[in-house]
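Enquirer: This is the structure I have questions about; it appears just below.
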Amino acid sequence: MYSEAIEKGGLAVVTGAASGVGKAAAQRFLQDGLGVVLVDLAGEALDQAEAELRDLAGTDTIVQAIATDVSDADAMTALADQVFALGEVAVLMNNAGIALPTGSWEKMENWRNLLEINLFGVVNGVHAFLPRMIKAARPAVVINTGSKQGITTPPGNPAYNTSKAAVKVMTEMLAHDLRQAEAKISAHLFVPGFTYTGMIEKFMPEKPSSAWTSEEAIDYLMMRMSNGDFYILCPDNDVSEERDRKRVEWALGDIINNRPALSRWHCDYADAFAAHEASD
């Protein structure tokens, strides 16, 4: 549906657009001929992203930053009002997210903040924009940014994993419901691999060789989305597409084979998992 959406023209709305994959995606949408609305918290990063993209845009192309808290449903509705006053929406990319430390029974405030932004930020975006996008009856796409941590759920940050697992399920349901409604809108679950973004830069001042750049992740998204794929799991310089498949297969196998939860990290299954990952 993406080719039809850009052929029709209109706007791309990207949350979390001040940096990282959000900013890279907005630039790519601009290059593909769409106007862009950059959504993030107010600040220098958002202002700079707007200025950079305006320098790349033609004189008649809309490039506008609108500071918005995606966790605020009323603010997202107000954002949609502003956007639709500018033009039709061809792309909605719900990308904003945060990472905070959590434990299974610790850091409740961080749990709430993560879920409000990573999950309800996506829900708020869909509820604010989709009714009018469906009513417009034009080709469009919705891209929700998930995480492999919401699919294979590695130990370490249960709230983040929970938020991204919920985004996966919510996006699957969205794709089904759009199909049942015969809407001219496709939904896509974008799952970056190890990508060097501002979030990672806080912990790693230099880009690791194993990480992709934001631009590489967006190039992969565009290729797979243009092919009509729903699940878009990005590889990186360390994890191949085949390795991703092996890890997803193992995670699903915990249910099918009644293994302990997260058996990939269970000492009794270490050898079995290693053999599975190395198998042809």
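A note on labels: chains of the structure tokens are A, B, ... as shown, every chain counts residues from 1, and ligands are counted from 1 in their shown order.
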Do a neighbour search on Glu44 (chain A) at 12 Å with only C-alpha atoms, toss out local chain neighbours closer than 5 positions, and write the hits as JSON, numbers by chain.
Expert: {"A": [18, 19, 49, 50, 51, 65, 67]}
Enquirer: Please save C-alpha atoms of the selected residues as an mmCIF file, in the first residue's frame.
Expert:
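Printed below is part.cif as written:
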```
data_model
loop_
_atom_site.group_PDB
_atom_site.id
_atom_site.type_symbol
_atom_site.label_atom_id
_atom_site.label_comp_id
_atom_site.auth_asym_id
_atom_site.auth_seq_id
_atom_site.Cartn_x
_atom_site.Cartn_y
_atom_site.Cartn_z
ATOM 1 C CA ALA A 18 13.455 14.509 16.804
ATOM 2 C CA SER A 19 16.198 11.878 16.461
ATOM 3 C CA ALA A 49 15.218 18.279 13.101
ATOM 4 C CA GLU A 50 12.593 20.624 11.662
ATOM 5 C CA ALA A 51 15.269 23.043 10.435
ATOM 6 C CA ALA A 65 7.202 20.240 13.941
ATOM 7 C CA ALA A 67 5.461 19.415 20.055
#
```
Enquirer: Need the shell around Ala175 (chain A): protein/DNA/RNA residues with any atom at most 8 Å away, counting only C-alpha atoms. Skip same-chain ones fewer than 5 positions apart. Format as a PDB file with N, CA, C and O atoms, in the first residue's frame?
Expert:
```pdb
ATOM      1  N   SER A 186      -2.885  -0.140   5.118  1.00  0.00           N
ATOM      2  CA  SER A 186      -2.167  -1.314   5.616  1.00  0.00           C
ATOM      3  C   SER A 186      -1.432  -0.945   6.898  1.00  0.00           C
ATOM      4  O   SER A 186      -0.986   0.190   7.077  1.00  0.00           O
ATOM      5  N   ALA A 187      -1.314  -1.904   7.803  1.00  0.00           N
ATOM      6  CA  ALA A 187      -0.580  -1.720   9.052  1.00  0.00           C
ATOM      7  C   ALA A 187       0.683  -2.567   9.009  1.00  0.00           C
ATOM      8  O   ALA A 187       0.696  -3.663   8.417  1.00  0.00           O
ATOM      9  N   HIS A 188       1.746  -2.071   9.633  1.00  0.00           N
ATOM     10  CA  HIS A 188       3.043  -2.754   9.598  1.00  0.00           C
ATOM     11  C   HIS A 188       3.704  -2.651  10.972  1.00  0.00           C
ATOM     12  O   HIS A 188       3.685  -1.587  11.593  1.00  0.00           O
TER      13      HIS A 188
END
```
Enquirer: Find the residues near Asn118 (chain A): any atom within 8 Å, counting only C-alpha atoms, skip ones fewer than 3 places away on the same chain, and give them as an MDAnalysis selection string.
Expert: chainID A and resid 96:98 114:115 121:122 160 163:164 167
Enquirer: With a distance cut-off of 10 Å and only C-alpha atoms, select the neighbouring residues of Gly35 (chain A), excluding the residue or stretch itself and same-chain residues fewer than 6 positions from it, and output the selection as a PDB file with N, CA and C atoms, in the first residue's frame.
Expert:
```pdb
ATOM      1  N   GLY A   9       0.098  11.163  -2.585  1.00  0.00           N
ATOM      2  CA  GLY A   9       0.636  12.341  -1.913  1.00  0.00           C
ATOM      3  C   GLY A   9       0.041  12.527  -0.538  1.00  0.00           C
ATOM      4  N   GLY A  10       0.369  13.642   0.080  1.00  0.00           N
ATOM      5  CA  GLY A  10      -0.157  13.927   1.415  1.00  0.00           C
ATOM      6  C   GLY A  10       0.950  14.071   2.430  1.00  0.00           C
ATOM      7  N   LEU A  11       0.619  13.748   3.678  1.00  0.00           N
ATOM      8  CA  LEU A  11       1.521  13.980   4.799  1.00  0.00           C
ATOM      9  C   LEU A  11       1.938  12.681   5.468  1.00  0.00           C
ATOM     10  N   ALA A  12       3.162  12.672   5.986  1.00  0.00           N
ATOM     11  CA  ALA A  12       3.636  11.606   6.871  1.00  0.00           C
ATOM     12  C   ALA A  12       3.757  12.191   8.270  1.00  0.00           C
ATOM     13  N   VAL A  13       3.106  11.567   9.217  1.00  0.00           N
ATOM     14  CA  VAL A  13       3.152  11.997  10.614  1.00  0.00           C
ATOM     15  C   VAL A  13       4.022  11.004  11.363  1.00  0.00           C
ATOM     16  N   ALA A  26      11.334  10.249   8.756  1.00  0.00           N
ATOM     17  CA  ALA A  26      10.739  11.495   8.260  1.00  0.00           C
ATOM     18  C   ALA A  26      11.507  12.007   7.037  1.00  0.00           C
ATOM     19  N   GLN A  27      12.823  11.914   7.092  1.00  0.00           N
ATOM     20  CA  GLN A  27      13.631  12.354   5.956  1.00  0.00           C
ATOM     21  C   GLN A  27      13.345  11.503   4.723  1.00  0.00           C
ATOM     22  N   PHE A  29      10.532   9.845   4.054  1.00  0.00           N
ATOM     23  CA  PHE A  29       9.198  10.177   3.547  1.00  0.00           C
ATOM     24  C   PHE A  29       9.244  11.477   2.743  1.00  0.00           C
ATOM     25  N   ALA A  57      13.683  20.250   1.905  1.00  0.00           N
ATOM     26  CA  ALA A  57      12.368  20.238   1.269  1.00  0.00           C
ATOM     27  C   ALA A  57      12.260  21.302   0.185  1.00  0.00           C
ATOM     28  N   GLY A  58      11.356  21.068  -0.747  1.00  0.00           N
ATOM     29  CA  GLY A  58      11.027  22.087  -1.730  1.00  0.00           C
ATOM     30  C   GLY A  58      10.203  23.194  -1.098  1.00  0.00           C
ATOM     31  N   ASP A  60       7.324  24.273  -1.710  1.00  0.00           N
ATOM     32  CA  ASP A  60       5.888  24.004  -1.559  1.00  0.00           C
ATOM     33  C   ASP A  60       5.602  22.790  -0.684  1.00  0.00           C
ATOM     34  N   THR A  61       6.650  22.215  -0.090  1.00  0.00           N
ATOM     35  CA  THR A  61       6.481  21.002   0.705  1.00  0.00           C
ATOM     36  C   THR A  61       6.337  21.351   2.178  1.00  0.00           C
ATOM     37  N   ILE A  62       5.337  20.752   2.823  1.00  0.00           N
ATOM     38  CA  ILE A  62       5.101  21.004   4.242  1.00  0.00           C
ATOM     39  C   ILE A  62       6.120  20.258   5.092  1.00  0.00           C
ATOM     40  N   VAL A  63       6.806  20.981   5.937  1.00  0.00           N
ATOM     41  CA  VAL A  63       7.647  20.397   6.984  1.00  0.00           C
ATOM     42  C   VAL A  63       7.320  21.165   8.254  1.00  0.00           C
ATOM     43  N   GLN A  64       6.687  20.496   9.192  1.00  0.00           N
ATOM     44  CA  GLN A  64       6.253  21.192  10.398  1.00  0.00           C
ATOM     45  C   GLN A  64       6.463  20.328  11.626  1.00  0.00           C
ATOM     46  N   LEU A  86      -3.913  20.644   7.734  1.00  0.00           N
ATOM     47  CA  LEU A  86      -2.838  20.865   6.765  1.00  0.00           C
ATOM     48  C   LEU A  86      -3.031  20.042   5.500  1.00  0.00           C
ATOM     49  N   GLY A  87      -3.646  18.851   5.633  1.00  0.00           N
ATOM     50  CA  GLY A  87      -3.819  17.999   4.461  1.00  0.00           C
ATOM     51  C   GLY A  87      -4.132  16.567   4.841  1.00  0.00           C
ATOM     52  N   GLU A  88      -4.205  15.694   3.835  1.00  0.00           N
ATOM     53  CA  GLU A  88      -4.506  14.289   4.058  1.00  0.00           C
ATOM     54  C   GLU A  88      -3.281  13.558   4.610  1.00  0.00           C
ATOM     55  N   VAL A  89      -3.540  12.489   5.358  1.00  0.00           N
ATOM     56  CA  VAL A  89      -2.454  11.708   5.959  1.00  0.00           C
ATOM     57  C   VAL A  89      -2.221  10.445   5.135  1.00  0.00           C
ATOM     58  N   ALA A  90      -1.009  10.336   4.617  1.00  0.00           N
ATOM     59  CA  ALA A  90      -0.610   9.152   3.851  1.00  0.00           C
ATOM     60  C   ALA A  90       0.093   8.120   4.718  1.00  0.00           C
ATOM     61  N   VAL A  91       0.818   8.602   5.739  1.00  0.00           N
ATOM     62  CA  VAL A  91       1.594   7.723   6.613  1.00  0.00           C
ATOM     63  C   VAL A  91       1.427   8.190   8.054  1.00  0.00           C
TER      64      VAL A  91
END
```
Enquirer: Check the smallest atom-to-atom distance from each of A:Arg54, A:Gly198, A:Ala128, A:Gln180 to Ala99 (chain A) using only C-alpha atoms, then report the winner.
Expert: A:Gly198
